[in-house]
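Here's my_file_16.txt, which has compact mmCIF, C-alpha atoms:
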# COMPACT_ATOMS: atom_id res chain seq x y z
CA MET A 1 170.89 40.80 12.67
CA SER A 2 171.00 41.95 9.02
CA GLN A 3 168.93 45.05 9.80
CA TYR A 4 171.63 46.41 12.08
CA GLU A 5 174.94 47.98 11.16
CA ILE A 6 177.32 46.04 13.35
CA ASN A 7 180.93 45.01 13.46
CA ILE A 8 181.67 41.56 14.86
CA THR A 9 184.88 41.58 16.86
CA TYR A 10 186.44 38.48 18.32
CA ILE A 11 187.38 38.66 22.02
CA PRO A 12 189.59 35.89 23.42
CA GLY A 13 188.12 33.85 26.24
CA LYS A 14 190.69 35.05 28.76
CA ASP A 15 189.57 38.65 28.14
CA ASN A 16 185.83 37.91 28.14
CA THR A 17 185.36 36.07 31.43
CA ALA A 18 182.53 38.34 32.60
CA ALA A 19 180.25 37.35 29.72
CA ASP A 20 180.80 33.65 30.38
CA ALA A 21 180.67 33.82 34.18
CA LEU A 22 177.64 31.55 34.54
CA SER A 23 178.93 28.94 32.10
CA HIS A 24 182.48 28.76 33.42
CA VAL A 25 181.92 26.64 36.49
CA LEU A 26 185.57 25.76 37.02
CA ALA A 27 188.74 27.58 36.05
CA GLY A 28 190.25 26.28 32.84
CA ALA A 29 186.98 24.81 31.62
CA PHE A 30 187.85 25.15 27.92
CA PRO A 31 190.55 23.04 26.28
CA GLY A 32 193.47 24.93 24.86
CA GLU A 33 193.25 27.75 27.39
CA GLU A 34 195.77 28.13 30.11
CA GLU A 35 194.46 27.53 33.61
CA SER A 36 195.79 30.88 34.75
CA SER A 37 193.60 32.63 32.16
CA PHE A 38 190.46 32.10 34.28
CA PRO A 39 189.82 33.19 37.87
CA ASN A 40 189.98 30.30 40.31
CA TRP A 41 186.47 30.53 41.81
CA LEU A 42 183.04 28.95 41.46
CA VAL A 43 180.03 30.77 40.06
CA ASN A 44 176.62 30.15 41.67
CA GLY A 45 173.32 31.40 40.26
CA VAL A 46 170.97 32.64 43.00
CA LEU A 47 167.21 32.96 42.50
CA GLN A 48 165.33 35.12 44.96
CA VAL A 49 161.54 35.24 45.06
CA ASP A 50 159.86 38.04 46.98
CA THR A 51 156.24 37.93 48.09
CA ASN A 52 154.05 40.84 47.08
CA LYS A 53 154.13 43.28 49.98
CA SER A 54 150.45 44.11 49.52
CA VAL A 55 149.58 40.44 50.17
CA LEU A 56 151.63 40.42 53.37
CA GLU A 57 149.96 43.61 54.52
CA ALA A 58 146.54 42.11 53.78
CA ILE A 59 147.43 39.06 55.86
CA LYS A 60 148.56 41.22 58.77
CA ALA A 61 145.38 43.31 58.60
CA GLY A 62 143.30 40.14 58.34
CA TYR A 63 144.50 38.93 61.72
CA LYS A 64 142.51 41.77 63.29
CA GLU A 65 139.33 40.93 61.36
CA ASP A 66 139.30 37.14 61.60
CA SER A 67 137.77 35.99 64.89
CA PHE A 68 139.57 32.65 64.74
CA CYS A 69 142.96 34.33 64.33
CA GLN A 70 142.24 36.65 67.24
CA LYS A 71 141.44 33.74 69.54
CA PHE A 72 144.38 31.77 68.15
CA ILE A 73 146.86 34.57 68.79
CA THR A 74 145.47 35.28 72.25
CA SER A 75 145.72 31.66 73.35
CA SER A 76 149.20 31.17 71.87
CA ILE A 77 151.06 32.85 74.71
CA GLY A 78 153.75 30.50 76.00
CA ILE A 79 153.43 27.99 73.14
CA LYS A 80 156.80 27.61 71.40
CA GLU A 81 155.36 26.23 68.15
CA ILE A 82 153.38 29.45 67.62
CA TRP A 83 155.54 32.48 66.96
CA ASN A 84 155.49 35.90 65.35
CA ALA A 85 157.92 37.42 62.87
CA ASN A 86 157.47 40.91 61.40
CA GLY A 87 153.78 40.86 62.22
CA LEU A 88 153.16 37.46 60.63
CA TRP A 89 152.08 34.49 62.74
CA TYR A 90 153.40 30.99 62.20
CA VAL A 91 152.43 27.53 63.44
CA GLY A 92 155.76 25.77 63.24
CA ASP A 93 156.84 26.52 59.67
CA HIS A 94 153.30 27.19 58.43
CA LEU A 95 152.07 30.73 57.89
CA LEU A 96 148.68 31.41 59.46
CA ILE A 97 146.25 32.68 56.81
CA PRO A 98 143.17 34.66 57.94
CA HIS A 99 139.75 34.27 56.34
CA VAL A 100 139.58 37.68 54.67
CA GLY A 101 139.30 38.74 51.06
CA ASN A 102 140.38 36.18 48.48
CA ILE A 103 143.74 35.23 50.01
CA ARG A 104 142.79 31.60 50.66
CA GLU A 105 141.15 31.24 47.25
CA ASN A 106 144.29 32.56 45.54
CA LEU A 107 146.39 30.02 47.43
CA PHE A 108 144.01 27.27 46.33
CA CYS A 109 144.43 28.51 42.76
CA LEU A 110 148.22 28.32 43.03
CA ALA A 111 148.17 24.86 44.60
CA HIS A 112 145.56 23.37 42.25
CA ASP A 113 145.06 25.33 39.03
CA THR A 114 148.59 26.60 38.42
CA SER A 115 150.23 23.32 39.49
CA GLY A 116 148.33 21.25 36.93
CA HIS A 117 144.88 20.47 38.38
CA PHE A 118 146.05 17.60 40.54
CA SER A 119 143.77 15.84 43.02
CA ALA A 120 142.71 17.46 46.26
CA ASP A 121 145.17 15.38 48.28
CA LYS A 122 148.16 16.35 46.11
CA SER A 123 147.10 20.00 46.06
CA TYR A 124 146.70 19.95 49.83
CA ALA A 125 150.14 18.39 50.30
CA SER A 126 151.83 21.19 48.37
CA LEU A 127 149.81 23.85 50.18
CA HIS A 128 150.12 22.45 53.68
CA ASP A 129 153.91 22.62 53.58
CA ALA A 130 153.85 26.40 53.96
CA TYR A 131 150.39 27.54 55.11
CA TYR A 132 147.80 26.79 57.76
CA TRP A 133 144.17 27.59 58.46
CA PRO A 134 141.36 25.46 59.93
CA ASN A 135 139.46 23.09 57.63
CA MET A 136 141.94 23.68 54.79
CA HIS A 137 141.74 20.10 53.49
CA HIS A 138 137.95 19.97 53.81
CA ASN A 139 137.46 23.26 51.93
CA LEU A 140 139.84 22.17 49.19
CA LYS A 141 138.39 18.68 48.73
CA GLN A 142 134.70 19.38 49.23
CA ALA A 143 134.33 22.86 47.77
CA TYR A 144 137.16 24.15 45.58
CA VAL A 145 138.24 21.11 43.55
CA PRO A 146 134.67 19.85 42.80
CA ALA A 147 133.80 23.36 41.58
CA CYS A 148 136.86 23.63 39.30
CA THR A 149 135.52 24.17 35.77
CA ASP A 150 138.60 22.79 34.01
CA CYS A 151 138.50 19.59 36.05
CA GLN A 152 134.82 19.13 35.30
CA HIS A 153 135.42 19.52 31.55
CA ASN A 154 138.73 17.74 31.09
CA LYS A 155 139.10 15.09 33.77
CA SER A 156 137.81 11.64 32.90
CA CYS A 157 135.51 9.76 35.24
CA THR A 158 137.38 7.71 37.86
CA LYS A 159 134.51 5.26 38.35
CA LYS A 160 134.32 1.91 36.58
CA PRO A 161 132.21 2.29 33.44
CA ALA A 162 128.83 0.58 33.47
CA SER A 163 128.58 -2.55 31.38
CA PRO A 164 126.05 -2.79 28.52
CA LEU A 165 122.54 -3.86 29.46
CA HIS A 166 121.58 -7.41 28.49
CA PRO A 167 117.80 -7.80 28.77
CA LEU A 168 116.34 -11.28 28.97
CA PRO A 169 114.96 -12.67 25.71
CA ILE A 170 111.19 -12.60 25.32
CA PRO A 171 109.80 -16.18 25.50
CA ASP A 172 107.66 -17.52 22.68
CA MET A 173 105.17 -19.54 24.75
CA HIS A 174 103.80 -19.73 28.26
CA GLY A 175 106.05 -21.66 30.57
CA ASP A 176 109.22 -21.17 28.49
CA SER A 177 110.65 -18.83 31.14
CA ILE A 178 109.38 -18.55 34.69
CA ALA A 179 110.66 -16.87 37.85
CA MET A 180 110.21 -18.55 41.26
CA ASP A 181 110.49 -16.82 44.63
CA PHE A 182 109.85 -18.02 48.20
CA ILE A 183 108.33 -15.56 50.67
CA ARG A 184 109.26 -16.61 54.22
CA PRO A 185 109.12 -16.90 57.12
CA LEU A 186 105.45 -16.24 57.78
CA PRO A 187 103.27 -17.11 60.78
CA PRO A 188 102.60 -20.89 60.58
CA ASP A 189 99.28 -21.95 59.06
CA ASN A 190 98.50 -25.66 59.22
CA GLY A 191 102.24 -26.29 59.46
CA PHE A 192 103.20 -24.10 56.52
CA ASP A 193 105.16 -20.83 56.85
CA SER A 194 106.10 -19.97 53.23
CA ILE A 195 104.50 -18.82 49.98
CA LEU A 196 105.87 -19.84 46.60
CA SER A 197 105.48 -17.14 43.96
CA ILE A 198 105.76 -18.23 40.28
CA THR A 199 105.85 -15.60 37.52
CA ASP A 200 105.56 -16.37 33.83
CA CYS A 201 107.99 -14.03 32.05
CA LEU A 202 105.81 -13.94 28.96
CA HIS A 203 103.16 -12.04 30.93
CA SER A 204 104.60 -10.58 34.11
CA ASP A 205 101.11 -9.83 35.44
CA ILE A 206 100.15 -13.54 35.60

Let me see the structure of the file written as structure tokens.
Amino acid sequence: MSQYEINITYIPGKDNTAADALSHVLAGAFPGEEESSFPNWLVNGVLQVDTNKSVLEAIKAGYKEDSFCQKFITSSIGIKEIWNANGLWYVGDHLLIPHVGNIRENLFCLAHDTSGHFSADKSYASLHDAYYWPNMHHNLKQAYVPACTDCQHNKSCTKKPASPLHPLPIPDMHGDSIAMDFIRPLPPDNGFDSILSITDCLHSDI
């Protein structure tokens, strides 16, 4: 503040209620001030998020290009769970998303990349609350998440690591280590139906 030429003037709290509107939740919040010095009302902060109008227009135009959406809308007559509002189609509380442009891919990016690269099931749960299109879970789990570059580089393997190999020691003499195996059942020959195979581990070809 030293680079500015300013005069600091003290304003009593009772005369500066507008500046502290969000912090003064209840009247008389500060000790030493009279209760009548503050208006007797609650202050609520409201956050409003508006969707890009160009995205909504792209969704509306996509209904006319996507063959599935055309059949879906045509067959939805009389079904209460499928309804239209301002040109947008809903299945219950889920917005129908057509397969046009990169709308679905952008939604995948919001649900997976922006949210912290969670698993396909967690990403699908956050996405399915508001949107719908066929094979959403399959496309997310089998195509988008496995192709995520950040997940491939940063995520550790979820499989159990392989244990170190422990090869058998090499025997010093013939007969120190042998392997025996029975081959059966075979067609009987003089009352016998098995073959005993014995392998000397010093020379596996014997």

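With only C-alpha atoms taken into account, the protein and nucleic acid residues at most 10 Å from Trp89 in chain A (excluding it and anything under 5 positions from it in its own chain) are Ile59, Lys60, Tyr63, Cys69, Phe72, Ile73, Ile82, Trp83, Asn84, His94, Leu95, Leu96 and Ile97 of chain A.
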
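Using all atoms listed in the file, the shortest contact distance between Ser126 in chain A and any of A:Leu107, A:Ala162, A:Ile195, A:Val91 is found at A:Leu107.
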
Inset, instruction - Give me the residues within 8 Å of Ser177 in chain A as number ranges by chain, counting all atoms listed in the file and dropping any in the same chain fewer than 3 places off. - result: A: 171, 174, 200-202

Residues from the last selection, C-alpha atoms, saved as a tab-separated table (two decimals), keeping the file's coordinate frame:
chain	number	residue	atom	x	y	z
A	171	PRO	CA	109.80	-16.18	25.50
A	174	HIS	CA	103.80	-19.73	28.26
A	200	ASP	CA	105.56	-16.37	33.83
A	201	CYS	CA	107.99	-14.03	32.05
A	202	LEU	CA	105.81	-13.94	28.96

Inset, instruction - Name the closest residue to Ala111 in chain A among the candidates A:Tyr144, A:His99, A:Ala179, A:Lys80; distances are taken between atoms, counting only C-alpha atoms. - result: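 Once distances to Ala111 in chain A are computed over only C-alpha atoms, the minimum belongs to A:Tyr144.
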
Inset, instruction - Provide the CA of Met136 in chain A to CA of Tyr90 in chain A distance in Å, to one decimal place. - result: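 Separating CA of Met136 in chain A from CA of Tyr90 in chain A is a distance of 15.5 Å.
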
Inset, instruction - Measure the distance from CA of Leu140 in chain A to CA of Asp93 in chain A in Å and round it to one decimal. - result: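 Atom-to-atom, CA of Leu140 in chain A to CA of Asp93 in chain A, that is 20.4 Å.
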
Legend entry - Pick from A:Asp193, A:Ile170, A:Phe68, A:Leu56, whichever lies nearest to Trp133 in chain A using all atoms listed in the file: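 Nearest candidate to Trp133 in chain A out of A:Asp193, A:Ile170, A:Phe68, A:Leu56: A:Phe68.
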
Legend entry - Å distance separating CA of Cys109 in chain A from CA of Ser54 in chain A, one decimal place: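 According to the coordinates, CA of Cys109 in chain A and CA of Ser54 in chain A are separated by 18.0 Å.
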
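You can rank A:Gly101, A:Gly78, A:Pro146, A:Pro187 by their closest distance to Ala58 in chain A using only C-alpha atoms, and at the top of that list sits A:Gly101.
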
Inset, instruction - Please provide as JSON, numbers by chain all residues within 12 Å of His112 in chain A, with the sequence filter that same-chain residues fewer than 3 positions apart are discarded (counting all atoms listed in the file). - result: {"A": [105, 106, 107, 108, 109, 115, 116, 117, 118, 119, 120, 121, 122, 123, 124, 125, 126, 127, 140, 141, 144, 145, 146, 147, 148, 149, 150, 151]}

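Proximity of A:Lys71, A:Glu57, A:Tyr10, A:Ser194 to Asn86 in chain A, computed with only C-alpha atoms, is greatest for A:Glu57.
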
Please write range 113-127 of chain A of the preceding block to a file containing N, CA and C atoms, as a PDB file, in the first residue's frame?
ATOM      1  N   ASP A 113     -10.892 -36.435 -15.427  1.00  0.00           N
ATOM      2  CA  ASP A 113      -9.648 -35.665 -15.361  1.00  0.00           C
ATOM      3  C   ASP A 113      -9.733 -34.543 -14.324  1.00  0.00           C
ATOM      4  N   THR A 114     -10.757 -33.716 -14.439  1.00  0.00           N
ATOM      5  CA  THR A 114     -10.872 -32.557 -13.562  1.00  0.00           C
ATOM      6  C   THR A 114     -11.154 -32.960 -12.123  1.00  0.00           C
ATOM      7  N   SER A 115     -11.853 -34.079 -11.926  1.00  0.00           N
ATOM      8  CA  SER A 115     -12.230 -34.505 -10.572  1.00  0.00           C
ATOM      9  C   SER A 115     -11.101 -35.196  -9.824  1.00  0.00           C
ATOM     10  N   GLY A 116     -10.007 -35.522 -10.506  1.00  0.00           N
ATOM     11  CA  GLY A 116      -8.876 -36.121  -9.800  1.00  0.00           C
ATOM     12  C   GLY A 116      -8.472 -37.489 -10.285  1.00  0.00           C
ATOM     13  N   HIS A 117      -8.885 -37.872 -11.505  1.00  0.00           N
ATOM     14  CA  HIS A 117      -8.481 -39.148 -12.103  1.00  0.00           C
ATOM     15  C   HIS A 117      -8.869 -40.335 -11.218  1.00  0.00           C
ATOM     16  N   PHE A 118     -10.119 -40.327 -10.788  1.00  0.00           N
ATOM     17  CA  PHE A 118     -10.615 -41.463 -10.023  1.00  0.00           C
ATOM     18  C   PHE A 118     -10.886 -42.636 -10.953  1.00  0.00           C
ATOM     19  N   SER A 119     -11.283 -43.766 -10.365  1.00  0.00           N
ATOM     20  CA  SER A 119     -11.556 -44.956 -11.155  1.00  0.00           C
ATOM     21  C   SER A 119     -12.767 -44.746 -12.049  1.00  0.00           C
ATOM     22  N   ALA A 120     -12.970 -45.672 -12.968  1.00  0.00           N
ATOM     23  CA  ALA A 120     -14.090 -45.556 -13.892  1.00  0.00           C
ATOM     24  C   ALA A 120     -15.421 -45.591 -13.156  1.00  0.00           C
ATOM     25  N   ASP A 121     -15.523 -46.411 -12.115  1.00  0.00           N
ATOM     26  CA  ASP A 121     -16.786 -46.518 -11.380  1.00  0.00           C
ATOM     27  C   ASP A 121     -17.113 -45.219 -10.652  1.00  0.00           C
ATOM     28  N   LYS A 122     -16.120 -44.605 -10.013  1.00  0.00           N
ATOM     29  CA  LYS A 122     -16.359 -43.340  -9.319  1.00  0.00           C
ATOM     30  C   LYS A 122     -16.658 -42.222 -10.308  1.00  0.00           C
ATOM     31  N   SER A 123     -15.958 -42.200 -11.421  1.00  0.00           N
ATOM     32  CA  SER A 123     -16.219 -41.182 -12.440  1.00  0.00           C
ATOM     33  C   SER A 123     -17.613 -41.354 -13.018  1.00  0.00           C
ATOM     34  N   TYR A 124     -18.004 -42.595 -13.231  1.00  0.00           N
ATOM     35  CA  TYR A 124     -19.344 -42.859 -13.766  1.00  0.00           C
ATOM     36  C   TYR A 124     -20.422 -42.451 -12.774  1.00  0.00           C
ATOM     37  N   ALA A 125     -20.184 -42.677 -11.486  1.00  0.00           N
ATOM     38  CA  ALA A 125     -21.185 -42.313 -10.477  1.00  0.00           C
ATOM     39  C   ALA A 125     -21.436 -40.816 -10.461  1.00  0.00           C
ATOM     40  N   SER A 126     -20.382 -40.017 -10.584  1.00  0.00           N
ATOM     41  CA  SER A 126     -20.556 -38.572 -10.587  1.00  0.00           C
ATOM     42  C   SER A 126     -21.182 -38.081 -11.877  1.00  0.00           C
ATOM     43  N   LEU A 127     -20.958 -38.785 -12.971  1.00  0.00           N
ATOM     44  CA  LEU A 127     -21.500 -38.376 -14.261  1.00  0.00           C
ATOM     45  C   LEU A 127     -22.941 -38.824 -14.432  1.00  0.00           C
TER      46      LEU A 127
END
